[in-house]
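The next block holds one structure in the form of structure tokens; read it before the comments.
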Amino acid sequence: MAVRYNKLWKLLIDRKMSKADLRRAADISSNTLTKLSKDESVALPILDRICSTLKVDYGDIIEHVEEEQEKEA
């Protein structure tokens, strides 16, 4: 399973928030932010905090991609 967080980064741009702003507002660690930046999986409670902070749904920040699509990107 592969995930992409491109939607999250676009949302932050639209809201004029930096990754550091998100990290502080959602109370997530810098290591978790690095995982998100590398499109690595993170725990559901962390995604829940991000969604609560931004007042969005999971589908607004994350997308599932097939392994083959990931290699092409």
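In the structure tokens, each chain is lettered A, B, ... as it comes, each chain's residues begin at 1, and ligands are numbered from 1 in order of appearance.
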What are the closest atom pairs, with distances in Å to one decimal, for all residues of segment 42-69 of chain A lying within 6 Å of segment 15-26 of chain A? Consider only C-alpha atoms, order rows by chain and residue number, and present the result as a tab-separated table.
residue	atom	partner	partner_atom	distance
A:Arg49	CA	A:Ala26	CA	5.7
A:Ile50	CA	A:Ala26	CA	5.5
A:Thr53	CA	A:Ala26	CA	5.7
So that I have them on file, write out the residues from the current selection with C-alpha atoms, as an mmCIF file, in the first residue's frame.
data_model
loop_
_atom_site.group_PDB
_atom_site.id
_atom_site.type_symbol
_atom_site.label_atom_id
_atom_site.label_comp_id
_atom_site.auth_asym_id
_atom_site.auth_seq_id
_atom_site.Cartn_x
_atom_site.Cartn_y
_atom_site.Cartn_z
ATOM 1 C CA ARG A 49 -5.300 15.275 14.690
ATOM 2 C CA ILE A 50 -4.346 16.838 11.369
ATOM 3 C CA THR A 53 -6.834 20.891 13.201
#
From a DSSP calculation on the backbone, collect every residue of chain A in strand (DSSP E or B) and output the set as a VMD selection string. chain A and resid 2 to 4 63 to 65
Selection above as a file: C-alpha atoms, as a short mmCIF file (atom, residue, chain, number, x, y, z; two decimals), in the first residue's frame:
data_model
loop_
_atom_site.label_atom_id
_atom_site.label_comp_id
_atom_site.auth_asym_id
_atom_site.auth_seq_id
_atom_site.Cartn_x
_atom_site.Cartn_y
_atom_site.Cartn_z
CA ALA A 2 1.24 3.46 -0.84
CA VAL A 3 -0.02 6.86 0.17
CA ARG A 4 0.50 10.40 -1.03
CA GLU A 63 -4.80 9.55 -1.25
CA HIS A 64 -4.12 5.85 -1.75
CA VAL A 65 -2.09 4.92 -4.80
#
For Thr34 of chain A, which residue out of A:Tyr5, A:Ser52, A:Glu67, A:Leu12 is the nearest one, using only C-alpha atoms?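 Ranked by minimum distance to Thr34 of chain A, first place goes to A:Tyr5.
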Nearest to Leu36 of chain A, chosen from A:Val56, A:Leu11, A:Ile61, A:Cys51, with only C-alpha atoms counted in the distances: A:Ile61
If you run DSSP on the backbone, which residues of segment 9-56 of chain A are helix (DSSP H, G or I), as a ChimeraX atom specification? /A:9-14,19-26,30-37,44-54
Could you tell me which of A:Leu54, A:Ile28, A:Ile13, A:Ile62 comes closest to Glu40 of chain A if we count only C-alpha atoms?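 Once distances to Glu40 of chain A are computed over only C-alpha atoms, the minimum belongs to A:Ile62.
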Atomic separation - atom CA of Leu8 of chain A relative to atom CA of Asp60 of chain A, Å: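 Taking atom CA of Asp60 of chain A as the start and atom CA of Leu8 of chain A as the end point, the length is 7.0 Å.
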